[in-house]
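Colleague: Sharing target-v4.cif (mmCIF, C-alpha atoms and all ligand atoms) below.
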data_query
loop_
_atom_site.label_atom_id
_atom_site.label_comp_id
_atom_site.auth_asym_id
_atom_site.auth_seq_id
_atom_site.Cartn_x
_atom_site.Cartn_y
_atom_site.Cartn_z
CA MET A 1 96.80 181.36 122.26
CA ASN A 2 98.62 178.31 123.68
CA SER A 3 96.95 175.27 125.25
CA ASN A 4 97.20 176.68 128.78
CA GLU A 5 95.38 179.82 127.73
CA ASN A 6 92.75 177.71 125.95
CA LYS A 7 91.90 175.74 129.06
CA MET A 8 92.04 178.54 131.64
CA GLY A 9 90.76 181.49 129.71
CA ARG A 10 93.05 184.32 128.68
CA ARG A 11 92.26 186.69 131.56
CA GLU A 12 92.87 184.06 134.25
CA PHE A 13 95.96 182.84 132.46
CA LEU A 14 97.42 186.33 132.48
CA GLN A 15 96.67 186.59 136.21
CA VAL A 16 98.53 183.34 136.78
CA GLY A 17 101.40 184.56 134.67
CA ALA A 18 101.62 187.84 136.54
CA THR A 19 101.49 186.07 139.89
CA LEU A 20 104.02 183.50 138.74
CA GLY A 21 106.39 186.20 137.60
CA ALA A 22 106.04 188.31 140.71
CA ALA A 23 106.05 185.43 143.16
CA ALA A 24 108.89 183.60 141.46
CA GLY A 25 110.96 186.75 141.40
CA LEU A 26 110.34 187.42 145.07
CA GLY A 27 110.97 183.83 146.20
CA VAL A 28 114.22 183.50 144.32
CA ALA A 29 115.43 186.95 145.31
CA VAL A 30 114.87 186.30 149.00
CA ALA A 31 116.51 182.88 148.96
CA ALA A 32 119.43 183.98 146.79
CA GLN A 33 120.13 187.02 148.93
CA GLU A 34 120.26 184.94 152.08
CA SER A 35 122.44 182.28 150.48
CA LYS A 36 124.82 184.98 149.24
CA THR A 37 125.20 186.30 152.76
CA PHE A 38 127.08 183.12 153.52
CA GLY A 39 128.57 182.77 150.05
CA ARG A 40 127.74 179.05 150.01
CA ALA A 41 124.91 176.60 150.57
CA VAL A 42 123.89 176.95 154.19
CA PRO A 43 121.75 174.61 156.27
CA VAL A 44 118.10 175.26 155.46
CA VAL A 45 115.01 173.53 156.84
CA ILE A 46 111.54 174.21 155.49
CA SER A 47 108.19 172.88 156.60
CA SER A 48 104.47 173.47 156.37
CA ALA A 49 102.93 176.26 158.48
CA ASN A 50 102.38 173.87 161.40
CA GLY A 51 106.09 172.99 161.38
CA LEU A 52 107.74 176.01 162.96
CA ARG A 53 108.87 173.93 165.95
CA ALA A 54 110.00 171.24 163.51
CA THR A 55 112.26 173.61 161.57
CA GLU A 56 113.75 174.94 164.82
CA LYS A 57 114.46 171.45 166.13
CA ALA A 58 115.81 170.11 162.84
CA MET A 59 118.16 173.09 162.37
CA HIS A 60 119.45 172.68 165.92
CA LEU A 61 120.22 169.01 165.24
CA ILE A 62 121.79 169.64 161.83
CA ARG A 63 124.11 172.20 163.37
CA ALA A 64 125.12 169.56 165.91
CA GLY A 65 126.02 167.21 163.05
CA THR A 66 122.89 165.03 163.02
CA ASP A 67 121.99 163.39 159.72
CA THR A 68 119.40 165.40 157.76
CA LEU A 69 116.77 162.64 157.90
CA ASP A 70 117.07 162.10 161.64
CA ALA A 71 116.84 165.88 162.07
CA ALA A 72 113.71 166.19 159.91
CA ILE A 73 112.03 163.26 161.68
CA ALA A 74 112.83 164.68 165.12
CA GLY A 75 111.20 167.95 164.04
CA VAL A 76 108.10 166.18 162.74
CA ASN A 77 107.85 164.07 165.92
CA ILE A 78 107.12 167.23 167.92
CA VAL A 79 103.97 167.80 165.87
CA GLU A 80 103.03 164.11 165.69
CA GLU A 81 103.06 163.95 169.50
CA ASP A 82 101.16 167.23 169.97
CA PRO A 83 97.45 166.58 170.72
CA ASN A 84 96.61 170.14 169.67
CA ASP A 85 97.49 169.54 166.02
CA ILE A 86 94.38 167.77 164.75
CA THR A 87 95.90 166.90 161.38
CA VAL A 88 98.95 164.84 162.33
CA GLY A 89 99.74 161.91 164.65
CA TYR A 90 98.27 161.83 168.18
CA GLY A 91 95.11 163.95 168.25
CA GLY A 92 94.67 163.73 164.47
CA LEU A 93 91.09 163.62 163.18
CA PRO A 94 89.77 160.08 162.71
CA ASN A 95 88.19 158.30 159.75
CA GLU A 96 84.40 158.13 159.32
CA ARG A 97 84.19 155.36 161.94
CA GLY A 98 86.10 157.36 164.55
CA VAL A 99 89.41 155.52 164.14
CA VAL A 100 92.64 157.50 163.68
CA GLU A 101 94.63 156.17 160.70
CA LEU A 102 98.03 157.71 160.03
CA ASP A 103 100.14 157.98 156.87
CA ALA A 104 103.82 158.99 156.74
CA CYS A 105 106.98 158.60 154.73
CA VAL A 106 110.66 159.46 154.94
CA MET A 107 113.33 159.74 152.26
CA HIS A 108 117.08 159.95 152.75
CA GLY A 109 118.86 161.76 149.93
CA PRO A 110 122.48 160.60 150.41
CA THR A 111 121.53 156.89 150.19
CA TYR A 112 118.39 157.27 148.05
CA ARG A 113 116.37 155.13 150.45
CA ALA A 114 112.82 155.53 151.69
CA GLY A 115 110.27 154.07 154.08
CA ALA A 116 106.54 154.62 154.52
CA VAL A 117 103.40 153.55 156.37
CA GLY A 118 99.76 153.85 155.35
CA ALA A 119 96.58 153.60 157.45
CA LEU A 120 98.62 152.88 160.59
CA GLN A 121 96.56 152.79 163.80
CA ASN A 122 97.56 153.28 167.45
CA ILE A 123 101.15 154.52 167.01
CA LYS A 124 101.85 158.19 167.73
CA THR A 125 104.91 158.59 165.51
CA PRO A 126 104.34 157.00 162.09
CA SER A 127 107.41 158.77 160.71
CA LYS A 128 109.62 156.74 163.07
CA VAL A 129 107.94 153.54 161.92
CA ALA A 130 108.60 154.60 158.31
CA LYS A 131 112.28 155.12 159.14
CA THR A 132 112.38 151.68 160.80
CA ILE A 133 110.97 150.08 157.64
CA MET A 134 113.68 151.89 155.66
CA ASP A 135 116.43 150.74 158.02
CA HIS A 136 115.36 147.13 158.63
CA THR A 137 113.61 145.81 155.52
CA ASN A 138 113.90 145.61 151.75
CA HIS A 139 110.43 147.19 151.48
CA ILE A 140 109.30 150.77 151.31
CA LEU A 141 105.59 150.83 152.23
CA LEU A 142 103.69 148.81 154.84
CA VAL A 143 99.99 149.44 155.48
CA GLY A 144 97.25 148.67 157.99
CA GLN A 145 97.59 145.64 160.27
CA GLY A 146 100.93 144.67 158.73
CA ALA A 147 102.36 148.08 159.53
CA LEU A 148 101.04 147.89 163.10
CA ASP A 149 102.42 144.37 163.65
CA PHE A 150 105.77 145.55 162.29
CA ALA A 151 105.79 148.59 164.58
CA LYS A 152 105.00 146.47 167.66
CA MET A 153 107.75 144.02 166.71
CA TYR A 154 110.20 146.92 166.87
CA GLY A 155 108.93 148.07 170.26
CA PHE A 156 106.54 150.88 169.35
CA LYS A 157 103.80 151.18 171.98
CA GLU A 158 100.13 151.01 171.04
CA GLU A 159 98.14 153.96 172.35
CA ASN A 160 94.69 155.41 171.83
CA LEU A 161 95.27 158.29 169.40
CA LEU A 162 91.73 159.70 169.53
CA THR A 163 91.70 162.73 171.83
CA ASP A 164 88.46 164.22 173.18
CA LYS A 165 88.96 167.25 170.93
CA ALA A 166 89.18 165.10 167.80
CA ARG A 167 86.34 162.84 168.94
CA GLU A 168 84.04 165.82 169.51
CA LEU A 169 84.79 167.21 166.03
CA TRP A 170 84.08 163.78 164.54
CA VAL A 171 80.74 163.58 166.40
CA ARG A 172 79.81 167.08 165.18
CA TRP A 173 80.62 166.09 161.61
CA LYS A 174 78.58 162.88 161.89
CA GLU A 175 75.56 164.62 163.45
CA ASN A 176 75.51 167.21 160.67
CA LEU A 177 76.04 164.96 157.67
CA SER A 178 72.49 165.02 156.36
CA PRO A 179 69.00 166.30 157.24
CA ASN A 180 67.68 162.88 156.12
CA ASP A 181 69.18 160.69 158.83
CA ASP A 182 68.43 160.16 162.52
CA TRP A 183 71.27 162.25 163.90
CA ILE A 184 70.24 165.62 165.29
CA GLY A 185 72.93 168.20 164.48
CA GLU A 186 72.98 171.94 165.13
CA ASP A 187 73.73 172.76 161.52
CA GLN A 188 72.32 170.38 158.92
CA ARG A 189 74.02 172.34 156.13
CA GLY A 190 77.15 170.40 156.93
CA PHE A 191 80.36 170.82 158.79
CA SER A 192 83.55 171.58 156.91
CA ARG A 193 86.39 169.11 157.21
CA PRO A 194 89.64 170.55 158.57
CA THR A 195 92.73 169.66 156.52
CA GLY A 196 96.41 169.51 157.30
CA THR A 197 99.64 167.54 157.16
CA ILE A 198 103.26 168.24 158.04
CA THR A 199 106.16 167.99 155.66
CA CYS A 200 109.73 168.88 156.60
CA LEU A 201 112.74 169.10 154.25
CA ALA A 202 116.30 169.54 155.47
CA LEU A 203 119.52 170.53 153.71
CA ASN A 204 122.85 170.53 155.53
CA GLU A 205 126.09 172.40 154.81
CA LYS A 206 127.42 169.42 152.82
CA GLY A 207 124.45 169.67 150.43
CA ASP A 208 122.77 166.52 151.70
CA LEU A 209 118.99 166.50 151.63
CA SER A 210 116.25 164.51 153.35
CA GLY A 211 112.54 164.82 154.01
CA CYS A 212 109.63 163.53 156.02
CA THR A 213 105.86 163.88 155.55
CA SER A 214 103.25 162.82 158.12
CA THR A 215 99.46 163.16 158.42
CA SER A 216 96.23 161.78 159.83
CA GLY A 217 94.93 162.26 156.30
CA LEU A 218 91.64 163.57 155.08
CA ALA A 219 89.38 164.10 158.09
CA PHE A 220 86.54 161.53 158.34
CA LYS A 221 87.86 159.63 155.33
CA ILE A 222 86.55 156.27 154.22
CA PRO A 223 88.44 153.69 156.32
CA GLY A 224 91.53 152.46 154.50
CA ARG A 225 91.84 155.59 152.38
CA VAL A 226 95.50 156.45 151.87
CA GLY A 227 96.47 159.84 150.52
CA ASP A 228 99.64 161.23 149.00
CA SER A 229 101.61 161.56 152.24
CA PRO A 230 103.06 158.02 152.41
CA LEU A 231 103.66 157.76 148.67
CA ILE A 232 107.21 158.43 147.53
CA GLY A 233 107.05 160.78 144.53
CA ASP A 234 103.72 162.22 145.66
CA GLY A 235 103.79 163.49 149.26
CA LEU A 236 107.59 163.57 149.26
CA TYR A 237 110.53 163.15 146.93
CA VAL A 238 114.24 163.71 147.48
CA ASP A 239 117.02 163.60 144.89
CA ASN A 240 120.32 164.41 146.54
CA ASP A 241 121.73 165.77 143.25
CA VAL A 242 118.86 168.19 142.70
CA GLY A 243 116.51 168.99 145.58
CA ALA A 244 113.52 167.89 147.61
CA CYS A 245 109.80 168.51 147.63
CA GLY A 246 106.92 167.70 149.99
CA SER A 247 103.21 168.39 149.84
CA THR A 248 100.14 169.12 151.92
CA GLY A 249 96.54 169.54 150.83
CA ARG A 250 94.23 167.41 148.70
CA GLY A 251 96.14 164.15 148.42
CA GLU A 252 94.24 162.72 145.46
CA ALA A 253 95.27 165.70 143.31
CA VAL A 254 98.90 165.27 144.35
CA ILE A 255 98.78 161.54 143.54
CA LEU A 256 97.31 162.18 140.09
CA SER A 257 100.04 164.71 139.31
CA SER A 258 102.94 162.72 140.87
CA GLY A 259 103.45 166.16 142.35
CA SER A 260 106.63 166.10 144.42
CA ARG A 261 108.54 164.05 141.86
CA ILE A 262 107.60 166.44 139.06
CA VAL A 263 108.60 169.47 141.13
CA VAL A 264 112.04 167.92 141.65
CA GLU A 265 112.31 167.03 137.95
CA ASN A 266 111.38 170.62 137.08
CA MET A 267 114.23 171.83 139.30
CA ARG A 268 116.56 169.34 137.60
CA HIS A 269 115.72 171.05 134.32
CA GLY A 270 116.63 174.46 135.66
CA MET A 271 113.49 175.89 137.24
CA SER A 272 113.72 177.67 140.57
CA PRO A 273 111.83 175.95 143.40
CA GLU A 274 108.91 178.33 143.04
CA GLU A 275 108.71 178.04 139.26
CA ALA A 276 108.86 174.25 139.63
CA ILE A 277 105.98 174.24 142.12
CA LEU A 278 103.76 176.68 140.23
CA ASP A 279 104.17 174.62 137.07
CA VAL A 280 102.76 171.55 138.84
CA LEU A 281 99.97 173.54 140.49
CA LYS A 282 98.95 174.86 137.07
CA ARG A 283 98.88 171.30 135.72
CA ILE A 284 96.64 170.22 138.61
CA CYS A 285 94.25 173.09 137.86
CA ARG A 286 94.30 172.36 134.13
CA TYR A 287 93.57 168.64 134.52
CA THR A 288 90.87 168.98 137.17
CA SER A 289 87.82 168.62 134.97
CA GLU A 290 85.04 167.04 137.00
CA THR A 291 82.52 169.71 137.91
CA ARG A 292 82.06 168.44 141.47
CA TRP A 293 85.68 169.48 142.08
CA LEU A 294 85.46 172.91 140.46
CA HIS A 295 84.36 176.38 141.52
CA SER A 296 84.79 177.35 137.87
CA PRO A 297 86.97 176.03 135.01
CA GLY A 298 90.58 175.81 136.16
CA LYS A 299 89.73 176.69 139.78
CA PRO A 300 89.46 173.61 142.02
CA LYS A 301 87.44 173.49 145.23
CA PHE A 302 90.46 172.00 147.01
CA ASP A 303 93.90 173.41 147.69
CA VAL A 304 97.34 171.86 147.27
CA ASN A 305 100.62 173.16 148.72
CA PHE A 306 104.12 172.17 147.70
CA TYR A 307 107.33 173.01 149.57
CA ALA A 308 110.63 172.71 147.73
CA ILE A 309 114.31 173.25 148.30
CA ASN A 310 117.20 172.85 145.87
CA LYS A 311 120.72 171.72 146.51
CA LYS A 312 122.01 175.31 146.62
CA GLY A 313 119.62 176.22 149.43
CA ASP A 314 117.03 178.15 147.39
CA TYR A 315 113.61 177.31 148.74
CA ALA A 316 109.95 178.12 148.15
CA ALA A 317 106.42 177.07 148.95
CA ALA A 318 103.30 177.75 146.92
CA ALA A 319 99.63 176.80 146.87
CA ILE A 320 96.77 177.03 144.42
CA TYR A 321 95.10 179.73 146.54
CA LYS A 322 96.51 182.76 148.31
CA GLY A 323 96.74 182.65 152.09
CA SER A 324 99.08 179.77 152.93
CA LYS A 325 102.24 180.22 154.94
CA PHE A 326 105.23 177.98 155.44
CA SER A 327 107.93 177.61 158.06
CA VAL A 328 111.60 178.09 157.32
CA HIS A 329 114.82 178.13 159.27
CA ASP A 330 117.30 179.64 156.82
CA GLY A 331 120.32 179.44 159.07
CA LEU A 332 119.71 182.95 160.33
CA ARG A 333 116.21 182.84 161.75
CA ASN A 334 113.19 180.60 162.16
CA THR A 335 110.04 182.17 160.81
CA HIS A 336 106.80 181.88 158.85
CA LYS A 337 106.73 183.22 155.30
CA ASP A 338 103.89 183.70 152.85
CA SER A 339 103.61 181.00 150.21
CA GLY A 340 103.31 181.85 146.53
CA TYR A 341 99.99 181.13 144.84
CA LEU A 342 98.11 180.95 141.58
CA PHE A 343 94.80 182.54 142.52
CA GLU A 344 93.21 184.86 145.05
CA LYS A 345 90.38 183.02 146.81
CA ALA A 346 86.96 183.71 145.25
N1 LIG B 401 97.78 165.47 151.88
C1 LIG B 401 97.22 164.67 152.88
C2 LIG B 401 96.13 163.79 152.45
O1 LIG B 401 95.45 164.09 151.49
O2 LIG B 401 95.92 162.78 153.08
#
Using the file provided, produce a representation of the structure as structure tokens.

Modeller:
Amino acid sequence: MNSNENKMGRREFLQVGATLGAAAGLGVAVAAQESKTFGRAVPVVISSANGLRATEKAMHLIRAGTDTLDAAIAGVNIVEEDPNDITVGYGGLPNERGVVELDACVMHGPTYRAGAVGALQNIKTPSKVAKTIMDHTNHILLVGQGALDFAKMYGFKEENLLTDKARELWVRWKENLSPNDDWIGEDQRGFSRPTGTITCLALNEKGDLSGCTSTSGLAFKIPGRVGDSPLIGDGLYVDNDVGACGSTGRGEAVILSSGSRIVVENMRHGMSPEEAILDVLKRICRYTSETRWLHSPGKPKFDVNFYAINKKGDYAAAAIYKGSKFSVHDGLRNTHKDSGYLFEKA
């Protein structure tokens, strides 16, 4: 029995192995077949499930010759500006004090440059601010007031990002936090916190790669909390020689695993995108040891999703638990696909 089997239990380990084999086979077969249709690397854009409009937009721009990073950002901007997506940009769920704080990063493969913002208030499109940091400074990450001052200096307009929909969800969460406070909620057992983020990775016909990740972060977070999304190597990583990876889901787990960077390194060492992702997801499960985070040994209470693409145009997405989808424009069509996974939900 190897160390993985020791920590997960043999039966669960075999389930993971079977899923890994089946899912990896399927993911690679689908991607390879479509790449072969063209006989070369084709433009491909992948994104999280909420990014179907992003993949459409980015593919349209790439076909028109737009740089892969500008294309990915333009796709993400659609979701950042959409008040109906309560996990990203305008309309995103606020922190525990009712203030929307946004995290985002961008990475440009051909020049190996990046920019990022953390805990940015009042600006609808943090990904554009991240790109401005990349283009106009020697820094990569600006946070809080400094990020806001920087954005205003470059002409970004301050706006109230808290929509009525997000405010009402925040109030419901606050009223139902505890039976031992003075708020009267309908359901004192608690109110689950919605999660979400967008990541978008783009590959053009020259083999150039870029990516962008953007989020309002963990709903009702402690003010100032920054997750994986603005951290290069965690919420996003691009190596123009190898591939790109982005993440959504429980940011702290992605930070601890340096998730996106390790997925790309796995691809560098020959793994397919799906094998590379599932390897990191298994590590996250293996190293999650605190009981408050676990349903049972090796099965976290949170989920993590990675989305990866290699330089040839093979792509995949996978999560810890079954049920996630991702968006892909593979040069032929723009669609949702099922993500791979390690476990069925309990
Ligand atoms: N992955 C988004 C966050 O945890 O903030």

Colleague: Measuring atom to atom with all atoms listed in the file, identify which of A:Gly298, A:Gly91, A:Gly109, A:Gly155 is nearest to Ala202 in chain A.

Modeller: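 The answer is A:Gly109, which sits nearest to Ala202 in chain A.
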
Colleague: Using only C-alpha atoms and all ligand atoms, I'd like a table of the residues in chain A that come within 7 Å of ligand LIG 401 (chain B); for each, show the closest atom pair and its distance in Å rounded to one decimal, ordered by chain and ascending number, as a Markdown table.

Modeller:
| residue | atom | partner | partner_atom | distance |
| --- | --- | --- | --- | --- |
| A:Gly196 | CA | B:LIG401 | C1 | 6.6 |
| A:Thr197 | CA | B:LIG401 | C1 | 5.7 |
| A:Thr215 | CA | B:LIG401 | C1 | 6.2 |
| A:Ser216 | CA | B:LIG401 | O2 | 6.8 |
| A:Gly217 | CA | B:LIG401 | O2 | 3.4 |
| A:Leu218 | CA | B:LIG401 | O2 | 4.8 |
| A:Val226 | CA | B:LIG401 | O2 | 6.5 |
| A:Gly227 | CA | B:LIG401 | O2 | 3.9 |
| A:Asp228 | CA | B:LIG401 | N1 | 5.5 |
| A:Ser229 | CA | B:LIG401 | C1 | 5.4 |
| A:Gly235 | CA | B:LIG401 | N1 | 6.8 |
| A:Ser247 | CA | B:LIG401 | N1 | 6.5 |
| A:Thr248 | CA | B:LIG401 | N1 | 4.3 |
| A:Gly249 | CA | B:LIG401 | N1 | 4.4 |
| A:Arg250 | CA | B:LIG401 | O1 | 4.5 |
| A:Gly251 | CA | B:LIG401 | O1 | 3.1 |
| A:Glu252 | CA | B:LIG401 | O1 | 6.3 |

Colleague: Only C-alpha atoms, please: the residues just picked out, written as a CSV table (one decimal), in the frame of the given file.

Modeller:
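Wrote part_5.csv, looks like this:
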chain,number,residue,atom,x,y,z
A,196,GLY,CA,96.4,169.5,157.3
A,197,THR,CA,99.6,167.5,157.2
A,215,THR,CA,99.5,163.2,158.4
A,216,SER,CA,96.2,161.8,159.8
A,217,GLY,CA,94.9,162.3,156.3
A,218,LEU,CA,91.6,163.6,155.1
A,226,VAL,CA,95.5,156.4,151.9
A,227,GLY,CA,96.5,159.8,150.5
A,228,ASP,CA,99.6,161.2,149.0
A,229,SER,CA,101.6,161.6,152.2
A,235,GLY,CA,103.8,163.5,149.3
A,247,SER,CA,103.2,168.4,149.8
A,248,THR,CA,100.1,169.1,151.9
A,249,GLY,CA,96.5,169.5,150.8
A,250,ARG,CA,94.2,167.4,148.7
A,251,GLY,CA,96.1,164.2,148.4
A,252,GLU,CA,94.2,162.7,145.5

Colleague: Where does range 116-204 of chain A meet range 330-335 of chain A within 12 Å, residue by residue, with the nearest atom pair and distance in Å to one decimal for each, counting all atoms listed in the file, listed by chain and rising number, as a Markdown table?

Modeller:
| residue | atom | partner | partner_atom | distance |
| --- | --- | --- | --- | --- |
| A:Leu201 | CA | A:Asp330 | CA | 11.8 |
| A:Ala202 | CA | A:Asp330 | CA | 10.2 |
| A:Leu203 | CA | A:Asp330 | CA | 9.9 |
| A:Asn204 | CA | A:Gly331 | CA | 9.9 |

Colleague: Quick one, how far is CA of Ile62 in chain A from CA of Pro273 in chain A?

Modeller: 21.9 Å

Colleague: Interatomic distance between CA of Gly89 in chain A and CA of Leu161 in chain A?

Modeller: 7.5 Å

Colleague: List as number ranges by chain the protein and nucleic acid residues near Arg97 in chain A, meaning an atom at most 10 Å away when all atoms listed in the file are counted, but skip any in the same chain fewer than 2 places from it.

Modeller: A: 94-95, 99-100, 170-171, 174, 220-223

Colleague: Excluding Asp241 in chain A and residues on its chain fewer than 3 positions from it, collect all residues at most 10 Å away from it, counting all atoms listed in the file, and give them as a PDB file with C-alpha atoms, in the coordinates of the input.

Modeller:
ATOM      1  CA  GLY A 109     118.860 161.760 149.930  1.00  0.00           C
ATOM      2  CA  PRO A 110     122.480 160.600 150.410  1.00  0.00           C
ATOM      3  CA  GLY A 207     124.450 169.670 150.430  1.00  0.00           C
ATOM      4  CA  ASP A 208     122.770 166.520 151.700  1.00  0.00           C
ATOM      5  CA  LEU A 209     118.990 166.500 151.630  1.00  0.00           C
ATOM      6  CA  VAL A 238     114.240 163.710 147.480  1.00  0.00           C
ATOM      7  CA  ALA A 244     113.520 167.890 147.610  1.00  0.00           C
ATOM      8  CA  ARG A 268     116.560 169.340 137.600  1.00  0.00           C
ATOM      9  CA  ASN A 310     117.200 172.850 145.870  1.00  0.00           C
ATOM     10  CA  LYS A 311     120.720 171.720 146.510  1.00  0.00           C
TER      11      LYS A 311
END

Colleague: Go ahead and find all residues with at least one atom no further than 8 Å from (90.0, 182.8, 145.7) in the file's coordinates, using only C-alpha atoms; report them as a list of chain:residue names.

Modeller: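 Using only C-alpha atoms, the matching residues come out as A:Tyr321, A:Lys322, A:Phe343, A:Glu344, A:Lys345, A:Ala346.
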
Colleague: Return the single residue from A:Ser257, A:Glu158, A:Gly115, A:Ala317 that is closest to His139 in chain A, with distances computed using all atoms listed in the file.

Modeller: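 Among A:Ser257, A:Glu158, A:Gly115, A:Ala317, it is A:Gly115 that comes nearest to His139 in chain A.
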
Colleague: Using only the atoms of range 330-341 of chain A listed in the file, plus 8 Å on each side, state the axis-aligned box centre and edge lengths in Å rounded to one decimal, as JSON.

Modeller:
{"center_x": 110.2, "center_y": 181.6, "center_z": 153.5, "size_x": 36.3, "size_y": 20.3, "size_z": 33.3}

Colleague: Check the smallest atom-to-atom distance from each of A:Leu120, A:Cys212, A:Val264, A:Ala166 to Val45 in chain A using all atoms listed in the file, then report the winner.

Modeller: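 Answer, going by the shortest atom-to-atom distance: A:Cys212.
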
Colleague: How many Å lie between CA of Arg286 in chain A and CA of Lys299 in chain A, rounded to one decimal?

Modeller: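 Interatomic distance, CA of Arg286 in chain A to CA of Lys299 in chain A: 8.5 Å.
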